[in-house]
file model_1.txt (compact mmCIF, C-alpha atoms (C1' of nucleotides))
# COMPACT_ATOMS: atom_id res chain seq x y z
CA MET A 1 161.24 -52.21 183.78
CA ALA A 2 160.24 -50.95 180.37
CA ILE A 3 162.22 -48.35 178.52
CA HIS A 4 159.31 -46.33 177.18
CA ARG A 5 157.15 -45.89 180.29
CA GLN A 6 158.80 -42.60 181.18
CA PRO A 7 160.78 -40.16 179.01
CA LEU A 8 164.29 -40.35 180.51
CA GLN A 9 165.50 -38.65 183.65
CA PRO A 10 166.82 -35.12 183.12
CA ASP A 11 170.39 -36.00 184.01
CA ARG A 12 170.31 -39.01 181.68
CA LYS A 13 168.97 -36.82 178.94
CA ARG A 14 171.73 -34.34 179.55
CA LEU A 15 174.34 -37.09 179.51
CA ALA A 16 173.00 -38.55 176.27
CA ALA A 17 173.03 -35.09 174.67
CA MET A 18 176.68 -34.63 175.64
CA LEU A 19 177.59 -38.03 174.25
CA LYS A 20 175.74 -37.29 171.05
CA ALA A 21 177.58 -34.00 170.63
CA LEU A 22 180.91 -35.74 171.17
CA GLY A 23 179.99 -38.60 168.87
CA ASN A 24 180.67 -36.46 165.84
CA PRO A 25 184.38 -36.72 164.93
CA ILE A 26 184.68 -33.05 163.99
CA ARG A 27 183.17 -31.91 167.29
CA PHE A 28 185.27 -34.41 169.22
CA GLN A 29 188.37 -32.95 167.62
CA ILE A 30 187.26 -29.39 168.24
CA VAL A 31 187.02 -30.20 171.94
CA GLU A 32 190.50 -31.70 171.94
CA PHE A 33 191.76 -28.72 169.97
CA LEU A 34 190.36 -26.37 172.60
CA ALA A 35 191.86 -28.47 175.38
CA GLY A 36 195.31 -27.98 173.88
CA ARG A 37 194.93 -24.22 173.85
CA ARG A 38 192.82 -23.25 176.84
CA GLY A 39 190.50 -21.14 174.75
CA CYS A 40 190.60 -19.49 171.38
CA ILE A 41 188.73 -17.54 168.74
CA THR A 42 186.25 -19.13 166.35
CA ALA A 43 188.45 -18.11 163.43
CA ASP A 44 191.30 -20.24 164.82
CA ILE A 45 189.04 -23.25 164.90
CA VAL A 46 187.80 -22.58 161.39
CA GLU A 47 191.39 -22.35 160.22
CA ALA A 48 192.25 -25.67 161.83
CA THR A 49 189.37 -27.32 160.00
CA PRO A 50 188.56 -28.25 156.40
CA LEU A 51 185.07 -26.80 156.83
CA ALA A 52 183.34 -23.53 156.05
CA GLN A 53 182.97 -20.93 158.78
CA SER A 54 179.21 -21.37 158.92
CA THR A 55 179.56 -25.11 159.40
CA VAL A 56 182.03 -24.69 162.23
CA SER A 57 179.69 -22.19 163.81
CA GLN A 58 176.93 -24.81 163.75
CA HIS A 59 179.18 -27.35 165.43
CA LEU A 60 180.12 -24.82 168.08
CA LYS A 61 176.45 -24.21 168.69
CA VAL A 62 175.87 -27.93 169.25
CA LEU A 63 178.81 -28.10 171.67
CA ARG A 64 177.56 -24.97 173.42
CA GLU A 65 174.03 -26.30 173.80
CA ALA A 66 175.40 -29.56 175.15
CA GLY A 67 177.26 -27.53 177.75
CA LEU A 68 180.69 -28.71 176.65
CA ILE A 69 182.02 -25.26 175.75
CA HIS A 70 181.13 -21.67 176.35
CA GLY A 71 182.11 -18.49 174.60
CA GLU A 72 182.93 -15.07 175.91
CA ILE A 73 182.86 -11.91 173.87
CA GLU A 74 186.34 -10.56 173.34
CA GLY A 75 186.20 -7.43 171.29
CA PRO A 76 184.55 -8.24 167.98
CA ALA A 77 185.42 -11.91 168.35
CA ILE A 78 184.33 -14.69 170.69
CA CYS A 79 186.73 -16.71 172.78
CA TYR A 80 185.61 -20.29 173.24
CA CYS A 81 186.75 -22.40 176.16
CA LEU A 82 185.92 -25.84 177.44
CA ASP A 83 183.29 -25.76 180.16
CA ALA A 84 185.44 -27.48 182.76
CA GLU A 85 182.68 -27.86 185.30
CA ASN A 86 180.31 -29.62 182.92
CA ILE A 87 183.06 -31.77 181.51
CA ARG A 88 183.98 -32.84 185.01
CA TRP A 89 180.33 -33.69 185.55
CA LEU A 90 180.33 -35.75 182.36
CA LYS A 91 183.47 -37.62 183.39
CA GLU A 92 182.05 -38.31 186.82
CA GLN A 93 178.82 -39.63 185.38
CA ILE A 94 180.67 -41.98 183.07
CA GLY A 95 182.95 -43.04 185.89
CA ARG A 96 179.98 -44.03 188.00
CA TRP A 97 178.07 -45.53 185.11
CA LEU A 98 177.53 -49.28 184.89
CA PRO A 99 179.44 -50.13 188.07
CA GLY A 100 179.42 -53.78 187.10
CA CYS A 101 181.87 -53.13 184.26
CA MET B 1 197.93 -28.32 165.17
CA ALA B 2 195.21 -28.53 162.57
CA ILE B 3 192.29 -30.87 162.88
CA HIS B 4 192.18 -32.05 159.29
CA ARG B 5 195.82 -32.90 158.60
CA GLN B 6 195.35 -36.53 159.61
CA PRO B 7 192.18 -38.64 159.82
CA LEU B 8 191.91 -39.38 163.56
CA GLN B 9 193.86 -41.96 165.52
CA PRO B 10 192.25 -45.42 165.58
CA ASP B 11 191.54 -45.32 169.29
CA ARG B 12 189.98 -41.87 168.99
CA LYS B 13 187.86 -43.10 166.14
CA ARG B 14 186.75 -46.05 168.22
CA LEU B 15 185.96 -43.80 171.15
CA ALA B 16 183.93 -41.40 168.98
CA ALA B 17 182.01 -44.34 167.52
CA MET B 18 181.12 -45.57 171.00
CA LEU B 19 180.00 -42.12 172.05
CA LYS B 20 177.92 -41.77 168.92
CA ALA B 21 176.23 -45.10 169.56
CA LEU B 22 175.45 -44.06 173.13
CA GLY B 23 174.29 -40.62 172.06
CA ASN B 24 170.99 -42.04 170.87
CA PRO B 25 168.55 -42.09 173.82
CA ILE B 26 167.02 -45.43 172.83
CA ARG B 27 170.42 -47.11 172.60
CA PHE B 28 171.52 -45.48 175.83
CA GLN B 29 168.49 -46.94 177.53
CA ILE B 30 169.00 -50.34 175.97
CA VAL B 31 172.48 -50.43 177.49
CA GLU B 32 171.12 -49.51 180.91
CA PHE B 33 168.36 -52.05 180.48
CA LEU B 34 170.94 -54.76 179.79
CA ALA B 35 173.00 -53.64 182.77
CA GLY B 36 170.04 -54.22 185.04
CA ARG B 37 169.61 -57.75 183.80
CA ARG B 38 173.04 -59.12 182.96
CA GLY B 39 171.93 -60.29 179.54
CA CYS B 40 168.66 -61.06 177.84
CA ILE B 41 166.92 -62.02 174.64
CA THR B 42 166.20 -59.55 171.84
CA ALA B 43 162.50 -60.15 172.33
CA ASP B 44 162.73 -58.86 175.92
CA ILE B 45 164.30 -55.64 174.68
CA VAL B 46 161.68 -55.25 171.97
CA GLU B 47 158.99 -55.71 174.58
CA ALA B 48 160.53 -53.03 176.80
CA THR B 49 160.49 -50.62 173.90
CA PRO B 50 157.85 -48.72 171.92
CA LEU B 51 159.59 -49.71 168.69
CA ALA B 52 159.18 -52.41 166.07
CA GLN B 53 161.33 -55.51 166.25
CA SER B 54 163.23 -54.58 163.11
CA THR B 55 164.09 -51.16 164.51
CA VAL B 56 165.37 -52.61 167.75
CA SER B 57 167.43 -55.07 165.75
CA GLN B 58 169.05 -52.16 163.93
CA HIS B 59 169.90 -50.45 167.21
CA LEU B 60 171.39 -53.67 168.54
CA LYS B 61 173.51 -53.88 165.44
CA VAL B 62 174.85 -50.37 166.04
CA LEU B 63 175.65 -51.20 169.65
CA ARG B 64 177.27 -54.45 168.55
CA GLU B 65 179.41 -52.75 165.93
CA ALA B 66 180.49 -50.15 168.46
CA GLY B 67 181.61 -53.02 170.70
CA LEU B 68 179.26 -52.11 173.52
CA ILE B 69 177.33 -55.37 173.51
CA HIS B 70 177.69 -58.84 172.13
CA GLY B 71 175.23 -61.60 171.50
CA GLU B 72 175.47 -65.32 171.96
CA ILE B 73 173.25 -67.86 170.28
CA GLU B 74 170.97 -69.51 172.79
CA GLY B 75 168.74 -71.98 171.06
CA PRO B 76 166.73 -70.18 168.42
CA ALA B 77 167.23 -66.85 170.22
CA ILE B 78 170.19 -64.60 170.91
CA CYS B 79 171.25 -63.53 174.38
CA TYR B 80 172.71 -60.04 174.44
CA CYS B 81 175.10 -58.89 177.16
CA LEU B 82 177.14 -55.80 177.77
CA ASP B 83 180.72 -56.15 176.59
CA ALA B 84 182.27 -55.46 179.96
CA GLU B 85 185.82 -55.30 178.65
CA ASN B 86 185.08 -52.70 176.01
CA ILE B 87 182.92 -50.68 178.36
CA ARG B 88 185.74 -50.67 180.87
CA TRP B 89 188.01 -49.42 178.10
CA LEU B 90 185.53 -46.65 177.27
CA LYS B 91 185.28 -45.59 180.91
CA GLU B 92 189.04 -45.56 181.25
CA GLN B 93 189.44 -43.45 178.13
CA ILE B 94 186.92 -40.91 179.36
CA GLY B 95 188.51 -40.91 182.79
CA ARG B 96 191.88 -40.04 181.29
CA TRP B 97 190.44 -37.61 178.79
CA LEU B 98 191.05 -33.87 179.15
CA PRO B 99 193.08 -34.13 182.34
CA GLY B 100 192.79 -30.39 182.83
CA CYS B 101 189.09 -30.67 183.64
C1' DC C 1 179.19 7.71 160.82
C1' DC C 2 181.16 4.39 157.80
C1' DC C 3 183.88 0.47 157.15
C1' DC C 4 186.24 -3.66 158.31
C1' DT C 5 186.52 -7.82 160.98
C1' DT C 6 184.28 -11.53 163.20
C1' DT C 7 180.54 -14.61 164.18
C1' DA C 8 175.78 -16.18 163.95
C1' DT C 9 171.77 -17.30 161.41
C1' DC C 10 168.99 -18.30 157.21
C1' DG C 11 167.82 -20.88 153.19
C1' DT C 12 168.74 -24.77 150.77
C1' DA C 13 170.81 -29.14 149.09
C1' DT C 14 172.59 -33.64 150.15
C1' DA C 15 173.76 -37.44 153.25
C1' DA C 16 172.81 -40.17 157.14
C1' DA C 17 169.80 -41.93 160.72
C1' DA C 18 165.63 -43.84 162.28
C1' DG C 19 161.47 -45.98 161.63
C1' DC C 20 158.25 -49.59 159.67
C1' DG C 21 156.41 -53.85 157.28
C1' DA C 22 157.65 -57.74 154.65
C1' DT C 23 160.71 -61.36 153.96
C1' DA C 24 164.69 -64.39 154.67
C1' DA C 25 167.53 -67.27 157.67
C1' DA C 26 168.34 -70.44 161.42
C1' DG C 27 167.28 -73.43 165.27
C1' DG C 28 164.26 -76.61 167.89
C1' DG C 29 160.03 -79.56 168.44
C1' DG C 30 156.92 -82.56 166.84
C1' DC D 1 160.44 -83.01 157.03
C1' DC D 2 157.40 -79.35 158.26
C1' DC D 3 156.19 -75.82 161.29
C1' DC D 4 156.80 -72.49 164.84
C1' DT D 5 159.67 -69.20 167.17
C1' DT D 6 163.18 -65.85 167.01
C1' DT D 7 166.19 -62.57 164.86
C1' DA D 8 168.39 -60.30 160.93
C1' DT D 9 168.11 -58.06 156.62
C1' DC D 10 165.80 -55.63 152.69
C1' DG D 11 163.23 -51.97 150.56
C1' DC D 12 161.12 -47.92 151.39
C1' DT D 13 159.68 -43.47 153.66
C1' DT D 14 160.29 -39.80 156.95
C1' DT D 15 163.13 -37.19 159.85
C1' DT D 16 167.42 -35.33 161.34
C1' DA D 17 172.21 -34.03 160.61
C1' DT D 18 175.72 -31.96 157.94
C1' DA D 19 177.45 -28.88 154.71
C1' DC D 20 177.62 -24.64 152.00
C1' DG D 21 177.00 -19.70 150.39
C1' DA D 22 174.69 -15.55 151.33
C1' DT D 23 173.20 -12.38 154.57
C1' DA D 24 172.51 -10.22 159.07
C1' DA D 25 174.29 -8.62 163.52
C1' DA D 26 177.69 -6.58 166.54
C1' DG D 27 181.98 -4.45 167.93
C1' DG D 28 186.13 -1.51 167.13
C1' DG D 29 188.97 1.82 164.32
C1' DG D 30 189.38 5.60 161.65
call {"tool": "encode", "arguments": {"input": "model_1.txt", "output": "structure tokens"}}
result
Amino acid sequence: MAIHRQPLQPDRKRLAAMLKALGNPIRFQIVEFLAGRRGCITADIVEATPLAQSTVSQHLKVLREAGLIHGEIEGPAICYCLDAENIRWLKEQIGRWLPGC
Amino acid sequence: MAIHRQPLQPDRKRLAAMLKALGNPIRFQIVEFLAGRRGCITADIVEATPLAQSTVSQHLKVLREAGLIHGEIEGPAICYCLDAENIRWLKEQIGRWLPGC
DNA sequence: CCCCTTTATCGTATAAAAGCGATAAAGGGG
DNA sequence: CCCCTTTATCGCTTTTATACGATAAAGGGG
């Protein structure tokens, strides 16, 4: 069964995108940071980081587009939380993955 | 707890490296391809792929360095297999990760 | 309505990844 | 010993990711 005959099933694509997003150490740590706080403002994440605000905003966008986090408007700020449902899905997929191992 | 105070624990670093390696769709598919065959020659993977042999070799190197596969010399060729032990470790880590989700 | 705070986006520069062809290395067969 | 097969590595180019400062957008307070 060749790899390139068909593009990649949608759920596989989604899984690979999540893994790619998490493969960056900064983003990985942002997710863990959020997990330890059950949601917080972008500014808090920027403060916890050696990076510029615009850079952090880019990373948050990647995490958002991968479905790992989501933000809710809270006054003039945005409160980011882990997307528990999608993260559960990710963990389930990995749990089922490669049953032989 | 700031993100940048300390580099990243060794096991977290290892986990992020594995996720990064798997985040590339081609490498993701190579792993699944190997899972469906319990080991095969580089040439088989090249053939299953739209890529040049040198490119596939690079991807195999990334997967090897992430500990996801390992190769054994088999005559003039090399037989690649999934590294079941490390993949189990990865799955365990993800299973334990973010217990709140 | 203006200003301040907060976040996203734009433009741009640099670093890293991904791809290829050519070449080297290593093993087996004659 | 030479040649053929197989894989890795090198040099190079193109694409993508990462980072920053500057600017725009959007909400709340006075």
call {"tool": "residues_around", "arguments": {"input": "model_1.txt", "residues": "stretch 79-91 of chain A", "least_positions_apart": "6", "cutoff": "12 Å", "atoms": "only C-alpha atoms (C1' of nucleotides)", "output": "PDB file with C-alpha atoms (C1' of nucleotides), keeping the file's coordinate frame"}}
result
ATOM      1  CA  ASP A  11     170.390 -36.000 184.010  1.00  0.00           C
ATOM      2  CA  ARG A  12     170.310 -39.010 181.680  1.00  0.00           C
ATOM      3  CA  LYS A  13     168.970 -36.820 178.940  1.00  0.00           C
ATOM      4  CA  ARG A  14     171.730 -34.340 179.550  1.00  0.00           C
ATOM      5  CA  LEU A  15     174.340 -37.090 179.510  1.00  0.00           C
ATOM      6  CA  ALA A  16     173.000 -38.550 176.270  1.00  0.00           C
ATOM      7  CA  ALA A  17     173.030 -35.090 174.670  1.00  0.00           C
ATOM      8  CA  MET A  18     176.680 -34.630 175.640  1.00  0.00           C
ATOM      9  CA  LEU A  19     177.590 -38.030 174.250  1.00  0.00           C
ATOM     10  CA  LEU A  22     180.910 -35.740 171.170  1.00  0.00           C
ATOM     11  CA  PHE A  28     185.270 -34.410 169.220  1.00  0.00           C
ATOM     12  CA  ILE A  30     187.260 -29.390 168.240  1.00  0.00           C
ATOM     13  CA  VAL A  31     187.020 -30.200 171.940  1.00  0.00           C
ATOM     14  CA  GLU A  32     190.500 -31.700 171.940  1.00  0.00           C
ATOM     15  CA  PHE A  33     191.760 -28.720 169.970  1.00  0.00           C
ATOM     16  CA  LEU A  34     190.360 -26.370 172.600  1.00  0.00           C
ATOM     17  CA  ALA A  35     191.860 -28.470 175.380  1.00  0.00           C
ATOM     18  CA  GLY A  36     195.310 -27.980 173.880  1.00  0.00           C
ATOM     19  CA  ARG A  37     194.930 -24.220 173.850  1.00  0.00           C
ATOM     20  CA  ARG A  38     192.820 -23.250 176.840  1.00  0.00           C
ATOM     21  CA  GLY A  39     190.500 -21.140 174.750  1.00  0.00           C
ATOM     22  CA  CYS A  40     190.600 -19.490 171.380  1.00  0.00           C
ATOM     23  CA  ILE A  41     188.730 -17.540 168.740  1.00  0.00           C
ATOM     24  CA  THR A  42     186.250 -19.130 166.350  1.00  0.00           C
ATOM     25  CA  ALA A  43     188.450 -18.110 163.430  1.00  0.00           C
ATOM     26  CA  ASP A  44     191.300 -20.240 164.820  1.00  0.00           C
ATOM     27  CA  ILE A  45     189.040 -23.250 164.900  1.00  0.00           C
ATOM     28  CA  SER A  57     179.690 -22.190 163.810  1.00  0.00           C
ATOM     29  CA  LEU A  60     180.120 -24.820 168.080  1.00  0.00           C
ATOM     30  CA  LYS A  61     176.450 -24.210 168.690  1.00  0.00           C
ATOM     31  CA  LEU A  63     178.810 -28.100 171.670  1.00  0.00           C
ATOM     32  CA  ARG A  64     177.560 -24.970 173.420  1.00  0.00           C
ATOM     33  CA  GLU A  65     174.030 -26.300 173.800  1.00  0.00           C
ATOM     34  CA  ALA A  66     175.400 -29.560 175.150  1.00  0.00           C
ATOM     35  CA  GLY A  67     177.260 -27.530 177.750  1.00  0.00           C
ATOM     36  CA  LEU A  68     180.690 -28.710 176.650  1.00  0.00           C
ATOM     37  CA  ILE A  69     182.020 -25.260 175.750  1.00  0.00           C
ATOM     38  CA  HIS A  70     181.130 -21.670 176.350  1.00  0.00           C
ATOM     39  CA  GLY A  71     182.110 -18.490 174.600  1.00  0.00           C
ATOM     40  CA  GLU A  72     182.930 -15.070 175.910  1.00  0.00           C
ATOM     41  CA  ILE A  73     182.860 -11.910 173.870  1.00  0.00           C
ATOM     42  CA  TRP A  97     178.070 -45.530 185.110  1.00  0.00           C
TER      43      TRP A  97
ATOM     44  CA  LEU B  90     185.530 -46.650 177.270  1.00  0.00           C
ATOM     45  CA  LYS B  91     185.280 -45.590 180.910  1.00  0.00           C
ATOM     46  CA  GLU B  92     189.040 -45.560 181.250  1.00  0.00           C
ATOM     47  CA  GLN B  93     189.440 -43.450 178.130  1.00  0.00           C
ATOM     48  CA  ILE B  94     186.920 -40.910 179.360  1.00  0.00           C
ATOM     49  CA  GLY B  95     188.510 -40.910 182.790  1.00  0.00           C
ATOM     50  CA  ARG B  96     191.880 -40.040 181.290  1.00  0.00           C
ATOM     51  CA  TRP B  97     190.440 -37.610 178.790  1.00  0.00           C
ATOM     52  CA  LEU B  98     191.050 -33.870 179.150  1.00  0.00           C
ATOM     53  CA  PRO B  99     193.080 -34.130 182.340  1.00  0.00           C
ATOM     54  CA  GLY B 100     192.790 -30.390 182.830  1.00  0.00           C
ATOM     55  CA  CYS B 101     189.090 -30.670 183.640  1.00  0.00           C
TER      56      CYS B 101
ATOM     57  C1'  DT C   6     184.280 -11.530 163.200  1.00  0.00           C
ATOM     58  C1'  DT C   7     180.540 -14.610 164.180  1.00  0.00           C
TER      59       DT C   7
END
call {"tool": "interface_residues", "arguments": {"input": "model_1.txt", "of": "chain B", "to": "chain C", "cutoff": "10 Å", "atoms": "only C-alpha atoms (C1' of nucleotides)", "output": "PyMOL selection string"}}
result
chain B and resi 51-56+58-59+73-77
call {"tool": "interface_residues", "arguments": {"input": "model_1.txt", "of": "chain D", "to": "chain B", "cutoff": "12 Å", "atoms": "all atoms listed in the file", "output": "PyMOL selection string"}}
result
chain D and resi 4-10
call {"tool": "closest_residue", "arguments": {"input": "model_1.txt", "among": "B:Arg27, B:Val46, B:Lys20, B:Gln9", "to": "chain A", "atoms": "all atoms listed in the file"}}
result
B:Lys20
call {"tool": "atom_distance", "arguments": {"input": "model_1.txt", "atom1": "atom CA of A:Gln29", "atom2": "atom CA of A:Ala48"}}
result
10.1 Å
call {"tool": "decode", "arguments": {"input": "model_1.txt", "residues": "chain C", "atoms": "C-alpha atoms (C1' of nucleotides)", "output": "PDB file, in the first residue's frame"}}
result
ATOM      1  C1'  DC C   1     -15.511  60.901  22.144  1.00  0.00           C
ATOM      2  C1'  DC C   2     -10.844  60.080  23.394  1.00  0.00           C
ATOM      3  C1'  DC C   3      -7.549  57.319  25.574  1.00  0.00           C
ATOM      4  C1'  DC C   4      -5.606  53.292  27.558  1.00  0.00           C
ATOM      5  C1'  DT C   5      -5.135  48.362  27.632  1.00  0.00           C
ATOM      6  C1'  DT C   6      -4.975  44.133  25.233  1.00  0.00           C
ATOM      7  C1'  DT C   7      -4.450  41.200  21.289  1.00  0.00           C
ATOM      8  C1'  DA C   8      -4.044  40.216  16.384  1.00  0.00           C
ATOM      9  C1'  DT C   9      -1.990  41.006  12.031  1.00  0.00           C
ATOM     10  C1'  DC C  10       1.474  42.860   8.729  1.00  0.00           C
ATOM     11  C1'  DG C  11       5.997  43.330   6.855  1.00  0.00           C
ATOM     12  C1'  DT C  12      10.380  41.726   7.069  1.00  0.00           C
ATOM     13  C1'  DA C  13      14.648  39.261   8.440  1.00  0.00           C
ATOM     14  C1'  DT C  14      16.809  35.014   9.796  1.00  0.00           C
ATOM     15  C1'  DA C  15      16.859  30.082  10.846  1.00  0.00           C
ATOM     16  C1'  DA C  16      15.321  25.561  10.009  1.00  0.00           C
ATOM     17  C1'  DA C  17      13.128  22.050   7.210  1.00  0.00           C
ATOM     18  C1'  DA C  18      12.428  19.697   3.036  1.00  0.00           C
ATOM     19  C1'  DG C  19      13.588  18.515  -1.385  1.00  0.00           C
ATOM     20  C1'  DC C  20      16.813  16.949  -5.190  1.00  0.00           C
ATOM     21  C1'  DG C  21      20.974  15.112  -7.740  1.00  0.00           C
ATOM     22  C1'  DA C  22      25.568  13.624  -7.236  1.00  0.00           C
ATOM     23  C1'  DT C  23      28.769  11.113  -4.693  1.00  0.00           C
ATOM     24  C1'  DA C  24      30.652   8.185  -1.036  1.00  0.00           C
ATOM     25  C1'  DA C  25      30.478   3.994   1.763  1.00  0.00           C
ATOM     26  C1'  DA C  26      29.579  -0.824   2.593  1.00  0.00           C
ATOM     27  C1'  DG C  27      28.216  -5.519   1.609  1.00  0.00           C
ATOM     28  C1'  DG C  28      27.626  -9.564  -1.467  1.00  0.00           C
ATOM     29  C1'  DG C  29      28.330 -12.116  -5.917  1.00  0.00           C
ATOM     30  C1'  DG C  30      30.923 -13.423  -9.504  1.00  0.00           C
TER      31       DG C  30
END
